[in-house]
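Student: Here it is, the structure in full.
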Amino acid sequence: MSISVSNISKSYNKAKALDQISFDVKSGELFGLIGPDGAGKTTLFRILTTLLIQDEGQATVAGYDVFKDYKSIRSHVGYMPGRFSLYQDLTVEENLNFFATIFGTTIEENYDLIKDIYVQIEPFKDRRAGKLSGGMKQKLALCCALIHKPKVLFLDEPTTGVDPVSRKEFWEMLKRLQQKNITILVSTPYMDEAALCDRIALITDGKILQIDTPESIISYFPKKIYKVKTSNTYQLIQDLRVYPLTHSAYPFGEYLHFTSNTSDFKEEDLVSFLTVKNHMDIEVLKTEPTIEDTFMELSK
Amino acid sequence: MKRFIGFIKKEFYHIFRDRRSLFILFGMPIAQVLLFGFAITNEINNVDIAILDHSKDATTKEIINKIAASKYFSIKQFIDNEATIETAFKKGQIKAVLNFEKDFSKKLVIGKKATIQILTDATDPNTANTISNYSSSILKNYQQGINKNIELSYQIVPKTRLAYNPELKSVFMFVPGVMTVILMLVSAMMTSISITREKELGTMEILLVSPLKPFLVIIGKVVPYIFLSVINAVVIIVLSIFVFQMPVQGSMFLLGAESILFIINALSLGILISTIAATQQTAMMVSLMGLMLPVILLSGFIFPISSMPVVLQVISNIIPAKWFIIILKGIMLKGVGLAYLWKETLILLVMTSFFIGLSVKKYKIRLE
Amino acid sequence: MKKENAIQVENLTKMFGDFTAVNSISFEVGKGEVFGFLGANGAGKTTAMKMLIGILKPTSGSAQVAGFDIKSNVEDVKKSIGYMSQRFSLYNDLTIKENITFFGGIYGLKKSVIKEKTQILINELGLHNEANKLVGALPLGWKQKVAFSVSLLHNPQIIFLDEPTGGVDPITRRQFWEMIYREAHKGKTIFVTTHYMDEAEYCDRVSIMVEGRIEALNTPKNLKSHYKVDSMNQVFLKLARNIE
């Protein structure tokens, strides 16, 4: 096991940030910690990177205990905290050089590891980090975290606030890194990114809801789910709220995802109801739940 | 070792690329020294006074001429009666009035005693004091002059000599004080801001999760500021010597050594502040309020400690700046060596070790 | 019937030195529309928005917001709009009630009106237990919902939302959008930027900025059929990739 977490709890001022968290990450795995703000992701990361001490429980990273062997962990992990922590007034090259130096290595030594990523920002190597766009800062931060060839990489919300294109590119980079046998633990609030991980843990309010592969996790969704659409989305939401058979009705882009509170639900019943309510272009179709659906259902 | 050098390199980049810190580091010290040196003086020159001469005889005329001739006073008005004195003061036109009583010469020759009243505007008590002192000495001088050939029994003639600063140049007082304040500012405040900035930006987290030993991080932060403080100290001393003709009677070497001791003292205070401050703003506020203000008020820089209430005198003992100013004045103005200053130096050493010890203890190897 | 536009933009441009952040964009937003303003980081979205809400002066071009010119009538623009962003919305060290009182005061609302609106807001959001808690202690989702309500206090006709749901949990995100729909239903115009492409689908029309220009402007449905894809996410990817 590359990362092993066992019953970790942590409180701040009586508020429980983490409550009996347990999970394992295999060597070379791309593991996603999926949950919104305030779920406890950052606290967990800080414990695993030895920046905070847990109140209860144990954890090991690369075989070292996070409390007792913190010095060893600090030599073997790469860490990218939220907010792209780079030195804004140093250039791209200076930043990279700095991080290489404090880890006792050079840019050249592990260049092959970061090459794919670095070539994208290399044209800007003399530009101050503060003047880079969000996507480029992200790439630079990733390079700085990798420069010393860590065994385990911790990325805390690396794609937050970044546009979909940069996010997609970032995850493609992560996949390529995985092939170089680095264990990667990533946290993100974006449920669509979860599908790109080997395994994911859904976390909210300090508790883990479920752990599994993205494909299997949707099997935890307990009901049949339908996608519903009419010409008047706002009215649709209102009407579904008052529909007696509704268990949940949530907008998902174009469609609403609907679940019923009865086991013998028939699509036609809903169509009739909506017709009576004067909706046009009614569509009610069976569909597969997504990770987000699962998350929402489990977190209730 | 290489890691450490790499870290220091980065610190220098930060300092030189931030225009604000450059201004504080170099602009302010120079500005302060010049300001204090030239603008703020305790001396008096060309003070406007008025003469109220009830006698208008030869003696009073002689005395008045002597006063007019001195560079300290400038006779602005000749007034006729007491009533106008109040108005003149209120209008702020004059700072003092010399009031010669009637029949001055007669009274002096026959009764051997004539009175001159010195009235000063004491809304600025320091100046008022100085005015009455200066005018008294001019008068005493004159008195001695006319008494030269007369033998008086049992005279006690006070002969005052102002040691080390005969011209009472206020610059001599201010330069040590300013130097102390500047070093405190640069070392303590800038260091604490630099460390808390890392915390604020989040880069501190990355530094902690690296093999770089935590105490090396701190030392690395501090080294550039030692460097810059020394440069500042040198600049101030050079300015004092060449622009203000302030002497350095004692050993330059000792001056340098003591300065470095004080710099380290201030730096460790800066580190201490950074362990309790979460943001740069807090660090700056604590440095200004907690360090600067006490230093300016209680170190003997502007206000003499001995005139303060006992409570404050006791408190002033824990302010390192107080001891450093004594040391500076000792070396620069009195020319004494370690033999005389060992007590103050020892106190500074103990304080410095204490602050360093405390910072090391409080320094967190983790975020919490 | 000619619809009076809530926002009218003509050749709006902003340059910083010789870098063109916003390159002569033109578009209209009708009253009561939910308009999605999308684009990659650095595409110029934030700069454009800052000009429309009156906190940044354009280099050239013009825009009318709520009928007022953003260059000559900036104060009237500010009075007519509501604004909420991801990074700052409320004061963390004040309670919900104190925040409402403060912002209500800024917009010149009478004390009695503020009191009334506070009550309504707390009831609607179900925050009776939290009304006197510091905003900083609330979960992000609730903060954003309160912030949205606060931006409505002075009854603006147009509301600008800058990535209002970043990091918020999925359930609260949707509750937030229901609040947006409700306001749009009342006739308010909503101008929103977001990085959640599914939220783009909730909009009546969407524009996508790439490198300072508007490269697409249409309903989500039309954009998807034009690019022959199923989701706005894919529209975005195709558009950004095409240009690069």
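Identifiers in this document derive from the order of the structure tokens: chains are assigned A, B, ..., residues are numbered from 1 separately in each chain, and ligands are numbered from 1 in order of occurrence.
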Looking only at the backbone, which of the residues in stretch 4-244 of chain C does DSSP tag as strand (DSSP E or B), as an mmCIF file with C-alpha atoms, in the first residue's frame?
Tutor:
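What follows is the written file states.cif:
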```cif
data_model
loop_
_atom_site.group_PDB
_atom_site.id
_atom_site.type_symbol
_atom_site.label_atom_id
_atom_site.label_comp_id
_atom_site.auth_asym_id
_atom_site.auth_seq_id
_atom_site.Cartn_x
_atom_site.Cartn_y
_atom_site.Cartn_z
ATOM 1 C CA ASN C 5 -32.243 45.392 -24.081
ATOM 2 C CA ALA C 6 -30.938 45.106 -20.556
ATOM 3 C CA ILE C 7 -27.370 45.151 -21.781
ATOM 4 C CA GLN C 8 -26.142 46.557 -25.047
ATOM 5 C CA VAL C 9 -22.471 46.221 -25.920
ATOM 6 C CA GLU C 10 -20.825 47.726 -28.989
ATOM 7 C CA ASN C 11 -17.191 47.176 -29.940
ATOM 8 C CA LEU C 12 -16.103 47.183 -26.337
ATOM 9 C CA THR C 13 -12.342 47.082 -26.071
ATOM 10 C CA LYS C 14 -9.829 47.107 -23.252
ATOM 11 C CA MET C 15 -6.101 47.297 -23.628
ATOM 12 C CA PHE C 16 -3.442 47.095 -20.968
ATOM 13 C CA PHE C 19 -1.920 43.780 -24.644
ATOM 14 C CA THR C 20 -5.528 43.571 -25.796
ATOM 15 C CA ALA C 21 -7.569 41.873 -23.115
ATOM 16 C CA VAL C 22 -10.961 42.503 -24.676
ATOM 17 C CA ASN C 23 -11.029 42.901 -28.426
ATOM 18 C CA SER C 24 -14.005 44.819 -29.753
ATOM 19 C CA ILE C 25 -16.838 42.650 -28.508
ATOM 20 C CA SER C 26 -20.475 43.323 -29.326
ATOM 21 C CA PHE C 27 -23.617 41.642 -28.077
ATOM 22 C CA GLU C 28 -27.005 42.239 -26.466
ATOM 23 C CA VAL C 29 -28.797 40.729 -23.543
ATOM 24 C CA GLY C 30 -32.547 40.967 -23.450
ATOM 25 C CA VAL C 34 -30.349 34.216 -18.274
ATOM 26 C CA PHE C 35 -27.140 34.892 -20.160
ATOM 27 C CA GLY C 36 -24.075 32.697 -19.748
ATOM 28 C CA PHE C 37 -20.765 34.436 -20.301
ATOM 29 C CA LEU C 38 -18.142 31.747 -20.732
ATOM 30 C CA GLY C 39 -14.507 31.546 -21.636
ATOM 31 C CA SER C 60 -12.827 52.190 -26.583
ATOM 32 C CA GLY C 61 -16.291 51.122 -27.599
ATOM 33 C CA SER C 62 -19.430 51.533 -25.583
ATOM 34 C CA ALA C 63 -21.980 49.681 -23.513
ATOM 35 C CA GLN C 64 -25.322 50.434 -21.941
ATOM 36 C CA VAL C 65 -26.326 48.564 -18.834
ATOM 37 C CA PHE C 68 -27.170 53.774 -18.597
ATOM 38 C CA ASP C 69 -23.878 54.329 -20.346
ATOM 39 C CA ILE C 81 -27.305 46.251 -10.809
ATOM 40 C CA GLY C 82 -26.587 43.565 -8.276
ATOM 41 C CA TYR C 83 -23.212 41.833 -8.135
ATOM 42 C CA MET C 84 -21.879 38.722 -6.543
ATOM 43 C CA SER C 85 -18.585 36.950 -7.064
ATOM 44 C CA THR C 95 -23.270 37.879 11.046
ATOM 45 C CA LEU C 134 -20.830 34.813 11.695
ATOM 46 C CA ILE C 158 -29.839 43.105 -13.716
ATOM 47 C CA ILE C 159 -27.696 40.771 -11.654
ATOM 48 C CA PHE C 160 -24.081 39.972 -12.438
ATOM 49 C CA LEU C 161 -22.784 36.705 -11.041
ATOM 50 C CA ASP C 162 -19.091 35.884 -11.290
ATOM 51 C CA THR C 189 -31.863 39.744 -16.210
ATOM 52 C CA ILE C 190 -29.090 37.422 -15.093
ATOM 53 C CA PHE C 191 -25.549 37.691 -16.433
ATOM 54 C CA VAL C 192 -23.482 34.796 -15.156
ATOM 55 C CA THR C 193 -20.025 33.363 -15.711
ATOM 56 C CA ARG C 205 -28.129 31.985 -24.442
ATOM 57 C CA VAL C 206 -24.422 31.538 -24.015
ATOM 58 C CA SER C 207 -21.377 33.393 -25.331
ATOM 59 C CA ILE C 208 -17.878 31.976 -25.367
ATOM 60 C CA MET C 209 -14.862 34.253 -25.301
ATOM 61 C CA VAL C 210 -11.536 33.139 -26.687
ATOM 62 C CA ARG C 213 -13.074 37.902 -28.822
ATOM 63 C CA ILE C 214 -16.504 36.382 -28.733
ATOM 64 C CA GLU C 215 -16.246 33.243 -30.820
ATOM 65 C CA ALA C 216 -19.735 31.865 -30.259
ATOM 66 C CA LEU C 217 -23.060 33.329 -29.217
ATOM 67 C CA ASN C 218 -26.240 31.266 -29.308
#
```
Student: Which chain B residues have any atom within 7 Å of an atom of chain A, and for each, what is the nearest pair of atoms with distance in Å to one decimal, counting only C-alpha atoms, rows sorted by chain and number, as JSON lines?
Tutor:
```
{"residue": "B:Arg3", "atom": "CA", "partner": "A:Ile102", "partner_atom": "CA", "distance": 4.5}
{"residue": "B:Gly6", "atom": "CA", "partner": "A:Thr101", "partner_atom": "CA", "distance": 6.0}
{"residue": "B:Phe7", "atom": "CA", "partner": "A:Phe98", "partner_atom": "CA", "distance": 7.0}
{"residue": "B:His14", "atom": "CA", "partner": "A:Asp89", "partner_atom": "CA", "distance": 6.7}
{"residue": "B:Arg17", "atom": "CA", "partner": "A:Asp89", "partner_atom": "CA", "distance": 6.9}
{"residue": "B:Leu201", "atom": "CA", "partner": "A:Ser85", "partner_atom": "CA", "distance": 6.4}
{"residue": "B:Gly202", "atom": "CA", "partner": "A:Ser85", "partner_atom": "CA", "distance": 5.5}
{"residue": "B:Thr203", "atom": "CA", "partner": "A:Ser85", "partner_atom": "CA", "distance": 5.1}
{"residue": "B:Ile206", "atom": "CA", "partner": "A:Tyr79", "partner_atom": "CA", "distance": 6.5}
{"residue": "B:Val209", "atom": "CA", "partner": "A:Arg74", "partner_atom": "CA", "distance": 4.9}
{"residue": "B:Ser210", "atom": "CA", "partner": "A:Arg74", "partner_atom": "CA", "distance": 4.9}
{"residue": "B:Pro211", "atom": "CA", "partner": "A:Ser75", "partner_atom": "CA", "distance": 5.0}
{"residue": "B:Leu212", "atom": "CA", "partner": "A:Ile102", "partner_atom": "CA", "distance": 6.0}
{"residue": "B:Arg366", "atom": "CA", "partner": "A:Leu51", "partner_atom": "CA", "distance": 4.6}
{"residue": "B:Leu367", "atom": "CA", "partner": "A:Leu51", "partner_atom": "CA", "distance": 5.3}
{"residue": "B:Glu368", "atom": "CA", "partner": "A:Leu52", "partner_atom": "CA", "distance": 6.1}
```
Student: Would you write out those residues with N, CA and C atoms, as a short mmCIF file (atom, residue, chain, number, x, y, z; two decimals), in the first residue's frame?
Tutor:
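Now in part-v8.cif:
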```
data_model
loop_
_atom_site.label_atom_id
_atom_site.label_comp_id
_atom_site.auth_asym_id
_atom_site.auth_seq_id
_atom_site.Cartn_x
_atom_site.Cartn_y
_atom_site.Cartn_z
N ARG B 3 21.29 23.68 -0.91
CA ARG B 3 19.88 23.99 -0.76
C ARG B 3 19.73 25.33 -0.07
N GLY B 6 20.52 28.16 -2.32
CA GLY B 6 19.43 28.36 -3.25
C GLY B 6 18.30 29.13 -2.60
N PHE B 7 18.07 28.83 -1.33
CA PHE B 7 17.01 29.50 -0.61
C PHE B 7 17.33 30.97 -0.42
N HIS B 14 13.26 38.20 -3.98
CA HIS B 14 12.02 38.80 -3.46
C HIS B 14 12.26 40.23 -3.05
N ARG B 17 12.89 42.65 -5.93
CA ARG B 17 11.83 42.83 -6.91
C ARG B 17 10.60 43.51 -6.33
N LEU B 201 0.90 33.33 1.45
CA LEU B 201 0.81 32.89 0.07
C LEU B 201 0.58 31.40 -0.03
N GLY B 202 0.88 30.66 1.04
CA GLY B 202 0.72 29.23 0.98
C GLY B 202 1.99 28.52 0.58
N THR B 203 3.04 29.28 0.22
CA THR B 203 4.28 28.63 -0.17
C THR B 203 4.99 28.02 1.05
N ILE B 206 4.57 24.33 1.17
CA ILE B 206 5.45 23.54 0.32
C ILE B 206 6.85 23.45 0.92
N VAL B 209 6.85 20.88 3.61
CA VAL B 209 6.84 19.51 3.07
C VAL B 209 8.00 19.34 2.11
N SER B 210 9.16 19.61 2.58
CA SER B 210 10.35 19.43 1.76
C SER B 210 11.45 19.05 2.71
N PRO B 211 12.53 18.49 2.19
CA PRO B 211 13.59 18.08 3.11
C PRO B 211 14.36 19.24 3.73
N LEU B 212 14.07 20.43 3.31
CA LEU B 212 14.77 21.58 3.89
C LEU B 212 14.38 21.70 5.36
N ARG B 366 5.10 22.21 11.94
CA ARG B 366 3.89 21.89 11.20
C ARG B 366 3.05 23.16 11.15
N LEU B 367 1.86 23.02 10.54
CA LEU B 367 1.04 24.20 10.40
C LEU B 367 0.34 24.61 11.68
N GLU B 368 0.22 23.66 12.58
CA GLU B 368 -0.59 23.94 13.76
C GLU B 368 0.23 23.86 15.01
#
```
Student: Report, in Å to a single decimal, how far apart atom CA of C:Glu201 and atom CA of A:Ile34 are.
Tutor: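 According to the coordinates, atom CA of A:Ile34 and atom CA of C:Glu201 are separated by 22.8 Å.
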Student: Could you go through stretch 84-241 of chain A and tell me which residues DSSP, when run on the backbone, assigns to alpha helix (DSSP H), listing them as a PyMOL selection string?
Tutor: chain A and resi 92-102+111-121+134-146+164-178+191-194+214-217+233-241
Student: Which residues of chain A sit at most 6 Å from chain C, using only C-alpha atoms? Give each one's shortest atom pair and distance in Å (one decimal place), in chain and ascending residue order, as a Markdown table.
Tutor:
```
| residue | atom | partner | partner_atom | distance |
| --- | --- | --- | --- | --- |
| A:Pro36 | CA | C:Asp169 | CA | 4.6 |
| A:Asp37 | CA | C:Gly167 | CA | 5.2 |
| A:Ser133 | CA | C:Gly42 | CA | 5.8 |
| A:Asp163 | CA | C:Ala40 | CA | 5.0 |
| A:Val165 | CA | C:Leu237 | CA | 5.8 |
| A:Pro189 | CA | C:Gly167 | CA | 5.8 |
| A:Gly253 | CA | C:Asp198 | CA | 4.4 |
| A:Glu254 | CA | C:Glu201 | CA | 5.5 |
```
Student: Hey, can you spit out that residue selection with C-alpha atoms as a short mmCIF file (atom, residue, chain, number, x, y, z; two decimals), in the first residue's frame?
Tutor:
```
data_model
loop_
_atom_site.label_atom_id
_atom_site.label_comp_id
_atom_site.auth_asym_id
_atom_site.auth_seq_id
_atom_site.Cartn_x
_atom_site.Cartn_y
_atom_site.Cartn_z
CA PRO A 36 -17.27 20.00 -2.24
CA ASP A 37 -15.70 22.79 -0.23
CA SER A 133 -2.57 32.48 -16.91
CA ASP A 163 -11.63 26.37 -17.38
CA VAL A 165 -9.98 22.93 -21.49
CA PRO A 189 -14.99 19.22 -6.40
CA GLY A 253 -27.90 20.61 -17.72
CA GLU A 254 -30.56 20.23 -20.34
#
```
